[in-house]
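Down below is the structure, laid out as structure tokens.
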Amino acid sequence: MSGLALSNVTKEFGSFTAVNNVDITVPHGTFVCLLGPSGCGKTTLLRMIAGLDLPTSGAIKLDGDDITRVPTHKRNLGMVFQSLALFPHLTVGENIAYPLRIRGVAKEEQKKRVDELLAMIHLSGYSDRPVSKLSGGQRQRVAIARALSISPKLFLLDEPLSALDAKLREAMQVELRQLQQKLGITTIVVTHDQREAMTMADTVVVMNKGEIRQAASPIEIYRRPADTFVADFIGSTNLLEAEAKAGAVTVLGQPVSGISLGSASKATLSVRPEDVHLTAPGNGALSGTVTFVRDLGGTIETFVDVAGRQIVAVSTPRARPDVTVGQPVGVTLLPDVCVVLSK
Ligand code: ATP
């Protein structure tokens, strides 16, 4: 297969297992985000792909070749880490050309490549500027261009945008994805930001405690989370206990219609806030009381207490529910979008 394939990759540090038996396939030209909370093993996994750490067991293949023990400099990788590690005393052009220079690429060729890359990162004309005179976002782009200068087979980035402020970060996510699509380069990015992963990735690999919990497209992960961890980690959701007895389903102890738990007698329902509708009490809806309304302008979040649990409903201003704090309401969970989770 062309692309990257990890099979049964495990990394132990003493008695601690940082990455546990991970299988991942990254087809050539795709963009994968490794996503998960701090300490889940994302960086360790990326370091093994980069050749900076050796797996305790398992194999890593690139375009069919086993690279598990191939040193980093022979893997043909482009890498960008959070720290960027640009050379502060060099110009933009010298930074980008550096990997070419140490590979002995001819001066003319270096210049041509630098110009191409500068155009690609929207910094044409910046070649002679010292990197110390650039903004954070510009530096980020230079680091990306430097990593891409050698036309690597694999592009690896570890939290590349985390030092940027929120607005710039969002803009750079789009830029990075567009650049990756233009070049068709196989790319793996570590992030703990689910929004970032959903913006950029073809496949999101959600990790927890060294293990993969789900690997799928962003929308699949959002709409059909594999378990409660994934459901809760990606976006916000309402996780509600449900029970089935003699065909009748209750949620938080109250009967509901239209929801099936399959063959399970107990399960957790994951219901996204946009799939919760507030109605008049009765008519098979859960009974609750409005406790808070958060009006963010673009969206309105209504918090409802149902049997001591908080359910959040989100709507747009046009579909704003006509409710006030303290008011009894009915809470309807749209059955076809409720996800029934067994763990
Ligand atoms: P973060 O988002 O905080 O960077 P991460 O998901 O990238 O987290 P890793 O850096 O891969 O997590 O670390 C996974 C676990 O392995 C952590 O518990 C960490 O303490 C441990 N770990 C990482 N490197 C080493 C090491 N060299 N020796 C011992 N333990 C390590």
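How things are named: the first chain in the structure tokens is A, the next is B, and so on; residues count from 1 in each chain; ligands count from 1 in the order shown.
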Using only C-alpha atoms and all ligand atoms, which residues have at least one atom no more than 10 Å from ligand 1? Output them as a count of residues only. 35
Near Val70 of chain A, counting only C-alpha atoms, which residues have an atom at most 12 Å away, once you skip same-chain residues fewer than 6 positions from it, shown as an MDAnalysis selection string? chainID A and resid 48:55 59:62 76:77
Residues near segment 104-120 of chain A, anyone? I mean within 12 Å using only C-alpha atoms, not counting same-chain ones fewer than 2 positions away, as a ChimeraX atom specification. /A:91-102,122-128,138-139,141-151,175-176,178-180,182-183
Shell of 12 Å around Val206 of chain A, only C-alpha atoms, local chain residues under 4 positions omitted, as number ranges by chain: A: 22, 24, 32-37, 40-42, 190-194, 197-198, 201, 210-218, 220-222, 225-227, 229-234
For C-alpha atoms, I'd like the residues from the last selection saved as a short mmCIF file (atom, residue, chain, number, x, y, z; two decimals), in the first residue's frame.
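Saved to result_5.cif:
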```
data_model
loop_
_atom_site.label_atom_id
_atom_site.label_comp_id
_atom_site.auth_asym_id
_atom_site.auth_seq_id
_atom_site.Cartn_x
_atom_site.Cartn_y
_atom_site.Cartn_z
CA VAL A 22 -1.91 0.83 17.88
CA ILE A 24 -3.28 3.02 11.90
CA VAL A 32 -4.69 12.50 9.70
CA CYS A 33 -5.07 14.22 13.06
CA LEU A 34 -4.04 12.41 16.23
CA LEU A 35 -6.40 13.85 18.81
CA GLY A 36 -6.74 13.27 22.50
CA PRO A 37 -6.26 14.71 25.98
CA CYS A 40 -2.77 10.12 25.87
CA GLY A 41 0.32 9.20 23.84
CA LYS A 42 -0.08 11.38 20.70
CA VAL A 190 -0.94 16.01 16.67
CA THR A 191 -3.48 18.22 18.38
CA HIS A 192 -5.58 18.27 21.51
CA ASP A 193 -8.06 20.67 19.89
CA GLN A 194 -11.06 18.87 18.42
CA ALA A 197 -8.85 18.27 13.98
CA MET A 198 -12.31 18.59 12.45
CA ALA A 201 -8.42 16.05 8.84
CA GLY A 210 -2.35 5.14 24.84
CA GLU A 211 -5.13 3.48 22.87
CA ILE A 212 -7.14 4.36 19.80
CA ARG A 213 -10.79 4.80 20.68
CA GLN A 214 -11.98 5.63 17.16
CA ALA A 215 -10.49 6.45 13.77
CA ALA A 216 -12.91 7.87 11.22
CA SER A 217 -13.86 10.98 9.26
CA PRO A 218 -14.60 14.06 11.38
CA GLU A 220 -18.52 10.22 11.43
CA ILE A 221 -16.75 10.80 14.74
CA TYR A 222 -19.16 13.61 15.55
CA PRO A 225 -19.04 8.30 18.24
CA ALA A 226 -17.90 4.81 19.18
CA ASP A 227 -18.15 5.30 22.94
CA PHE A 229 -15.28 9.04 25.75
CA VAL A 230 -15.32 9.99 22.07
CA ALA A 231 -18.83 11.43 22.29
CA ASP A 232 -17.81 13.65 25.18
CA PHE A 233 -14.40 14.64 23.79
CA ILE A 234 -15.67 15.73 20.36
#
```
Write out, as CSV, each residue of segment 178-248 of chain A that has an atom at most 12 Å from segment 312-324 of chain A, together with the closest pair of atoms and their distance in Å to one decimal, counting only C-alpha atoms, rows going by chain and rising number.
```
residue,atom,partner,partner_atom,distance
A:Ser236,CA,A:Val312,CA,9.1
A:Thr237,CA,A:Val312,CA,8.0
A:Asn238,CA,A:Val312,CA,6.9
A:Leu239,CA,A:Val312,CA,10.4
A:Leu240,CA,A:Val312,CA,11.4
```
Atoms to include: N, CA and C atoms. Write the selected residues as a compact mmCIF listing (two decimals), in the first residue's frame.
```txt
# COMPACT_ATOMS: atom_id res chain seq x y z
N SER A 236 -19.74 19.16 22.13
CA SER A 236 -20.37 18.92 23.41
C SER A 236 -21.57 18.02 23.18
N THR A 237 -21.89 17.27 24.19
CA THR A 237 -23.01 16.36 24.04
C THR A 237 -23.70 16.17 25.38
N ASN A 238 -24.91 15.65 25.33
CA ASN A 238 -25.61 15.27 26.54
C ASN A 238 -25.52 13.76 26.65
N LEU A 239 -24.94 13.27 27.74
CA LEU A 239 -24.85 11.82 27.95
C LEU A 239 -25.90 11.45 29.00
N LEU A 240 -26.87 10.66 28.59
CA LEU A 240 -28.04 10.41 29.45
C LEU A 240 -28.27 8.92 29.61
```
So which bits of segment 65-230 of chain A end up helix (DSSP H, G or I) when you DSSP the backbone, as a PyMOL selection string? chain A and resi 72-74+92-102+107-120+131-133+136-148+166-183+194-200+218-223+228-230
Emit the selected residues as a short mmCIF file (atom, residue, chain, number, x, y, z; two decimals), in the first residue's frame, including C-alpha atoms.
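Saved the output as selection13.cif:
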```cif
data_model
loop_
_atom_site.label_atom_id
_atom_site.label_comp_id
_atom_site.auth_asym_id
_atom_site.auth_seq_id
_atom_site.Cartn_x
_atom_site.Cartn_y
_atom_site.Cartn_z
CA THR A 72 15.04 9.89 11.11
CA HIS A 73 17.27 11.54 8.50
CA LYS A 74 16.74 8.63 6.12
CA VAL A 92 13.41 33.77 5.79
CA GLY A 93 14.98 32.51 2.56
CA GLU A 94 18.02 31.05 4.36
CA ASN A 95 15.77 29.24 6.82
CA ILE A 96 13.68 27.70 4.06
CA ALA A 97 16.75 26.77 2.01
CA TYR A 98 18.60 25.25 4.97
CA PRO A 99 17.53 21.60 4.45
CA LEU A 100 18.42 21.95 0.75
CA ARG A 101 21.80 23.50 1.54
CA ILE A 102 22.84 20.68 3.89
CA LYS A 107 22.37 27.45 -5.26
CA GLU A 108 20.17 28.18 -8.30
CA GLU A 109 17.88 25.28 -7.50
CA GLN A 110 17.68 26.38 -3.86
CA LYS A 111 16.56 29.86 -4.89
CA LYS A 112 13.95 28.52 -7.29
CA ARG A 113 12.51 26.25 -4.62
CA VAL A 114 12.51 29.01 -1.99
CA ASP A 115 10.63 31.33 -4.36
CA GLU A 116 8.06 28.62 -5.08
CA LEU A 117 7.56 27.94 -1.40
CA LEU A 118 7.33 31.63 -0.50
CA ALA A 119 4.60 32.05 -3.10
CA MET A 120 2.81 29.04 -1.67
CA VAL A 131 12.84 35.74 10.79
CA SER A 132 13.08 37.74 14.02
CA LYS A 133 11.09 40.49 12.28
CA GLY A 136 3.83 34.60 14.84
CA GLY A 137 1.70 33.47 11.91
CA GLN A 138 4.41 34.35 9.38
CA ARG A 139 6.99 32.40 11.38
CA GLN A 140 4.63 29.47 11.42
CA ARG A 141 4.39 29.55 7.65
CA VAL A 142 8.17 29.75 7.28
CA ALA A 143 8.57 26.69 9.51
CA ILE A 144 6.06 24.85 7.32
CA ALA A 145 7.84 25.93 4.12
CA ARG A 146 11.20 24.85 5.52
CA ALA A 147 9.81 21.42 6.37
CA LEU A 148 8.34 21.11 2.86
CA ALA A 166 -7.33 31.90 18.61
CA LYS A 167 -8.21 33.90 15.48
CA LEU A 168 -4.89 33.38 13.71
CA ARG A 169 -4.92 29.76 14.69
CA GLU A 170 -8.29 29.20 13.01
CA ALA A 171 -7.09 30.95 9.86
CA MET A 172 -3.88 28.90 9.80
CA GLN A 173 -5.86 25.66 10.14
CA VAL A 174 -7.62 26.44 6.89
CA GLU A 175 -4.34 27.50 5.23
CA LEU A 176 -2.57 24.35 6.31
CA ARG A 177 -5.35 22.13 5.02
CA GLN A 178 -5.49 23.98 1.70
CA LEU A 179 -1.73 23.71 1.31
CA GLN A 180 -1.81 19.97 2.09
CA GLN A 181 -4.56 19.42 -0.47
CA LYS A 182 -2.70 21.39 -3.10
CA LEU A 183 0.48 19.37 -2.56
CA GLN A 194 -11.06 18.87 18.42
CA ARG A 195 -12.12 21.86 16.35
CA GLU A 196 -8.68 21.99 14.77
CA ALA A 197 -8.85 18.27 13.98
CA MET A 198 -12.31 18.59 12.45
CA THR A 199 -11.22 21.53 10.29
CA MET A 200 -8.21 19.83 8.77
CA PRO A 218 -14.60 14.06 11.38
CA ILE A 219 -18.33 13.95 10.71
CA GLU A 220 -18.52 10.22 11.43
CA ILE A 221 -16.75 10.80 14.74
CA TYR A 222 -19.16 13.61 15.55
CA ARG A 223 -22.34 11.88 14.42
CA THR A 228 -18.89 7.82 25.66
CA PHE A 229 -15.28 9.04 25.75
CA VAL A 230 -15.32 9.99 22.07
#
```
Between A:Pro71, A:Gly64, A:Gly288, A:Gly282, which is the closest to Gln310 of chain A once you count only C-alpha atoms?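 Counting only C-alpha atoms, the residue closest to Gln310 of chain A is A:Gly288.
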Write out as a ChimeraX atom specification all residues of segment 31-216 of chain A that backbone DSSP assigns to strand (DSSP E or B). /A:31-35,57-62,65-66,77-81,91,130,154-158,186-191,203-208,211-216
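Atom CA of Pro152 of chain A is found 5.5 Å from atom CA of Gly78 of chain A.
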Hey, what's within 9 Å of Pro335 of chain A if we count only C-alpha atoms and toss same-chain stuff fewer than 4 positions away? As a PDB file with C-alpha atoms, in the first residue's frame, please?
```
ATOM      1  CA  SER A 257     -41.195   7.370  22.750  1.00  0.00           C
ATOM      2  CA  GLY A 258     -39.422   6.511  19.507  1.00  0.00           C
ATOM      3  CA  ILE A 259     -36.053   5.580  21.058  1.00  0.00           C
ATOM      4  CA  SER A 260     -34.776   1.999  20.878  1.00  0.00           C
ATOM      5  CA  ASP A 275     -30.676  17.677  18.525  1.00  0.00           C
ATOM      6  CA  VAL A 339     -26.548   7.584  19.573  1.00  0.00           C
TER       7      VAL A 339
END
```
Report as a PDB file with C-alpha atoms, in the first residue's frame all protein, DNA and RNA residues lying within 7 Å of Pro160 of chain A, evaluated on only C-alpha atoms, omitting residues in the same chain fewer than 2 positions from it.
```
ATOM      1  CA  VAL A  80       7.230  21.041  12.401  1.00  0.00           C
ATOM      2  CA  PHE A  81       7.078  21.141  16.167  1.00  0.00           C
ATOM      3  CA  GLN A  82       5.432  23.599  18.501  1.00  0.00           C
ATOM      4  CA  LEU A 157       3.442  18.324  12.816  1.00  0.00           C
ATOM      5  CA  ASP A 158       3.151  18.360  16.610  1.00  0.00           C
ATOM      6  CA  SER A 162      -0.779  26.069  19.653  1.00  0.00           C
TER       7      SER A 162
END
```
